[in-house]
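Take a look at the structure below.
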Amino acid sequence: MVVAQITDMHVSTPGSRPDRVFRTAEHLERAVDHLNGLPLRPDLVLATGDLVDHGSPEEYERLRAILARLAMPAYLIPGNHDDRTNLRAAFERHDYLGGAGAFMQYTIEDWPLRLVALDTLVPGSGGGRLCPERLAWLDERLREAPERPTLVFMHHPPFVTGIAAMDGMGLDGIEALATVIRRHPQVERIVAGHIHRPIVRRFAGTVACTCPSTAHQLGLDLPPQTRLTVAMEPPAAMIHCWLGDGAGLVSHLSVIGSYPTHVVFENGKWLPLKD
Ligand SMILES: [Fe+2]
Ligand SMILES: [Fe+2]
């Protein structure tokens with residue numbers, strides 16, 4: 001079972017600043033082609049928030065049209081740039097997004113790896129929150145299937161990154177989330193977005209990681225740096241492969257774009273490197 005993760009697509013309207021400067025829609029088109037063209041085709045795609053830049057109906061319409069070209073189902077959660085009402089309206093066929101006013105939290109039960117979506121959005125805030133209501137829901141869901149390997153996906157990562165500007169809009173409720181996760185050792189991974197960089201950290205007995213954006217990345221602005229930069233480093237997706245009991249869940253970074261490649265090994269044999 002292969003789960004692709006894309007994040008922070010920040011799709012905007014034609015001619016808008018994200019469209020002109022970061023070319024976010026064009027980058028998402030490339031990400032869709034990339035996922036459709038992978039030799040081991042993902043079974044599904046998780047899009048972990050900041051799907052669009054301003055949460056407007058026009059942006060969601062453009063997002064919907066691009067994602068419609070995916071050869072596999074896509075499951076969405078909101079990030080701090082999203083708007084639940086407009087997201088629901090554009091993706092009305094995505095029943096799992098729930099009814100008006102509800103948090104966008106759901107489970108996907110169709111594959112050997114169980115997938116659990118968490119909604120960290122706080123309207124009007126760059127930071128996220130897991131309140132007691134959202135965490136109680138998570139605890140109940142995880143209690144339902146203690147034997148099933150599980151991946152939890154959310155927008156805001158449950159850890160401090162060391163990038164001060166991003167930590168200033170971090171997740172509220174990290175300790176309470178850790179208390180829930182520690183009760184459920186079947187959680188193989190927590191995957192997130194928001195930081196526009198790949199980061200890995202041990203968390204409450206599991207592994208938490210973030211995925212780069214499909215478009216613009218953030219610079220590695222660790223102290224003493226106090227600024228935050230956008231860096232047009234290569235876009236990427238994460239490919240989370242469930243290899244079964246024993247081999248477990250392996251998370252690969254899959255860089256989007258074309259780069260020189262050399263076949264060096266095939267059918268059990270090393271090949272001579274050609275100039
Ligand atoms: Fe983002
Ligand atoms: Fe974000």
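Chain labels follow the order of the structure tokens: the first chain is A, the next B, and so on; residue numbering restarts at 1 in every chain, and ligands are counted from 1 in their shown order.
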Do you know which residues are within 7 Å of ligand 1 using only C-alpha atoms and all ligand atoms? Can you write them as a ChimeraX atom specification? /A:8,10,50,194-196
Atoms kept (C-alpha atoms) for selection, written as a PDB file, in the first residue's frame:
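Done, and the output landed in out.pdb:
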ATOM      1  CA  ASP A   8       1.044  23.511   1.179  1.00  0.00           C
ATOM      2  CA  HIS A  10      -1.241  27.459  -1.779  1.00  0.00           C
ATOM      3  CA  ASP A  50      -2.765  25.159   3.013  1.00  0.00           C
ATOM      4  CA  HIS A 194       2.950  23.834   7.343  1.00  0.00           C
ATOM      5  CA  ILE A 195       6.750  24.231   7.529  1.00  0.00           C
ATOM      6  CA  HIS A 196       7.478  23.812   3.768  1.00  0.00           C
TER       7      HIS A 196
END
Taking only C-alpha atoms and all ligand atoms into account, which residues have an atom no farther than 12 Å from ligand 2? I'd like them as a count of residues only. 48
At a cut-off of 7 Å, using only C-alpha atoms, what residues contact Met1 (chain A)? Leave out same-chain residues fewer than 2 positions from it and give the result as a VMD selection string. chain A and resid 3 43 241 to 242
Each region 240-270 of chain A residue no farther than 12 Å from region 27-37 of chain A, nearest pair in Å, only C-alpha atoms, as a Markdown table:
| residue | atom | partner | partner_atom | distance |
| --- | --- | --- | --- | --- |
| A:Ser254 | CA | A:His34 | CA | 9.2 |
| A:Val255 | CA | A:His34 | CA | 9.1 |
| A:Ile256 | CA | A:His34 | CA | 6.5 |
| A:Gly257 | CA | A:Arg30 | CA | 7.8 |
| A:Ser258 | CA | A:His34 | CA | 9.9 |
Print the selection's residues with all heavy atoms to a file, as a compact mmCIF listing (two decimals), in the first residue's frame.
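Okay, again-v1.txt is ready:
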# COMPACT_ATOMS: atom_id res chain seq x y z
N SER A 254 10.08 12.18 -2.25
CA SER A 254 10.08 12.04 -3.71
C SER A 254 10.15 13.44 -4.33
O SER A 254 9.17 14.19 -4.31
CB SER A 254 8.82 11.31 -4.16
OG SER A 254 8.81 11.12 -5.54
N VAL A 255 11.32 13.78 -4.84
CA VAL A 255 11.56 15.14 -5.37
C VAL A 255 10.87 15.26 -6.73
O VAL A 255 10.93 14.36 -7.56
CB VAL A 255 13.07 15.40 -5.47
CG1 VAL A 255 13.35 16.74 -6.13
CG2 VAL A 255 13.71 15.36 -4.09
N ILE A 256 10.18 16.39 -6.92
CA ILE A 256 9.44 16.63 -8.17
C ILE A 256 10.31 17.46 -9.10
O ILE A 256 10.88 18.47 -8.69
CB ILE A 256 8.11 17.35 -7.86
CG1 ILE A 256 7.25 16.50 -6.92
CG2 ILE A 256 7.36 17.68 -9.15
CD1 ILE A 256 6.10 17.25 -6.27
N GLY A 257 10.41 17.04 -10.35
CA GLY A 257 11.23 17.77 -11.32
C GLY A 257 12.10 16.80 -12.08
O GLY A 257 12.16 15.62 -11.74
N SER A 258 12.76 17.27 -13.13
CA SER A 258 13.60 16.33 -13.88
C SER A 258 15.07 16.64 -13.61
O SER A 258 15.49 17.81 -13.61
CB SER A 258 13.28 16.40 -15.37
OG SER A 258 13.32 17.70 -15.82
Could you go through region 7-102 of chain A and tell me which residues DSSP, when run on the backbone, assigns to strand (DSSP E), listing them as a PDB file with N, CA, C and O atoms, in the first residue's frame?
ATOM      1  N   LEU A  44      -3.553   6.258  -2.898  1.00  0.00           N
ATOM      2  CA  LEU A  44      -4.310   7.471  -2.583  1.00  0.00           C
ATOM      3  C   LEU A  44      -3.346   8.603  -2.303  1.00  0.00           C
ATOM      4  O   LEU A  44      -2.150   8.380  -2.113  1.00  0.00           O
ATOM      5  N   VAL A  45      -3.893   9.815  -2.274  1.00  0.00           N
ATOM      6  CA  VAL A  45      -3.095  11.012  -2.000  1.00  0.00           C
ATOM      7  C   VAL A  45      -3.701  11.730  -0.797  1.00  0.00           C
ATOM      8  O   VAL A  45      -4.919  11.936  -0.747  1.00  0.00           O
ATOM      9  N   LEU A  46      -2.856  12.097   0.152  1.00  0.00           N
ATOM     10  CA  LEU A  46      -3.284  12.944   1.258  1.00  0.00           C
ATOM     11  C   LEU A  46      -2.751  14.349   0.990  1.00  0.00           C
ATOM     12  O   LEU A  46      -1.570  14.515   0.695  1.00  0.00           O
ATOM     13  N   ALA A  47      -3.625  15.344   1.078  1.00  0.00           N
ATOM     14  CA  ALA A  47      -3.199  16.738   0.911  1.00  0.00           C
ATOM     15  C   ALA A  47      -3.367  17.418   2.261  1.00  0.00           C
ATOM     16  O   ALA A  47      -4.495  17.603   2.742  1.00  0.00           O
ATOM     17  N   THR A  48      -2.224  17.754   2.898  1.00  0.00           N
ATOM     18  CA  THR A  48      -2.260  18.101   4.321  1.00  0.00           C
ATOM     19  C   THR A  48      -2.269  19.617   4.592  1.00  0.00           C
ATOM     20  O   THR A  48      -1.491  20.123   5.389  1.00  0.00           O
ATOM     21  N   ALA A  74      -8.061  11.516  -3.718  1.00  0.00           N
ATOM     22  CA  ALA A  74      -7.356  12.470  -2.855  1.00  0.00           C
ATOM     23  C   ALA A  74      -8.214  12.761  -1.633  1.00  0.00           C
ATOM     24  O   ALA A  74      -9.442  12.855  -1.734  1.00  0.00           O
ATOM     25  N   TYR A  75      -7.584  12.851  -0.487  1.00  0.00           N
ATOM     26  CA  TYR A  75      -8.254  13.190   0.775  1.00  0.00           C
ATOM     27  C   TYR A  75      -7.638  14.474   1.312  1.00  0.00           C
ATOM     28  O   TYR A  75      -6.412  14.594   1.386  1.00  0.00           O
ATOM     29  N   LEU A  76      -8.500  15.413   1.689  1.00  0.00           N
ATOM     30  CA  LEU A  76      -8.047  16.755   2.041  1.00  0.00           C
ATOM     31  C   LEU A  76      -8.250  17.041   3.526  1.00  0.00           C
ATOM     32  O   LEU A  76      -9.211  16.545   4.135  1.00  0.00           O
ATOM     33  N   ILE A  77      -7.345  17.842   4.081  1.00  0.00           N
ATOM     34  CA  ILE A  77      -7.593  18.465   5.400  1.00  0.00           C
ATOM     35  C   ILE A  77      -7.203  19.945   5.280  1.00  0.00           C
ATOM     36  O   ILE A  77      -6.375  20.307   4.437  1.00  0.00           O
TER      37      ILE A  77
END
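With only C-alpha atoms as the atoms that count, the minimum distance from Glu133 (chain A) to the choices A:Leu67, A:Met238, A:Ala102, A:Ala25 is reached by A:Ala102.
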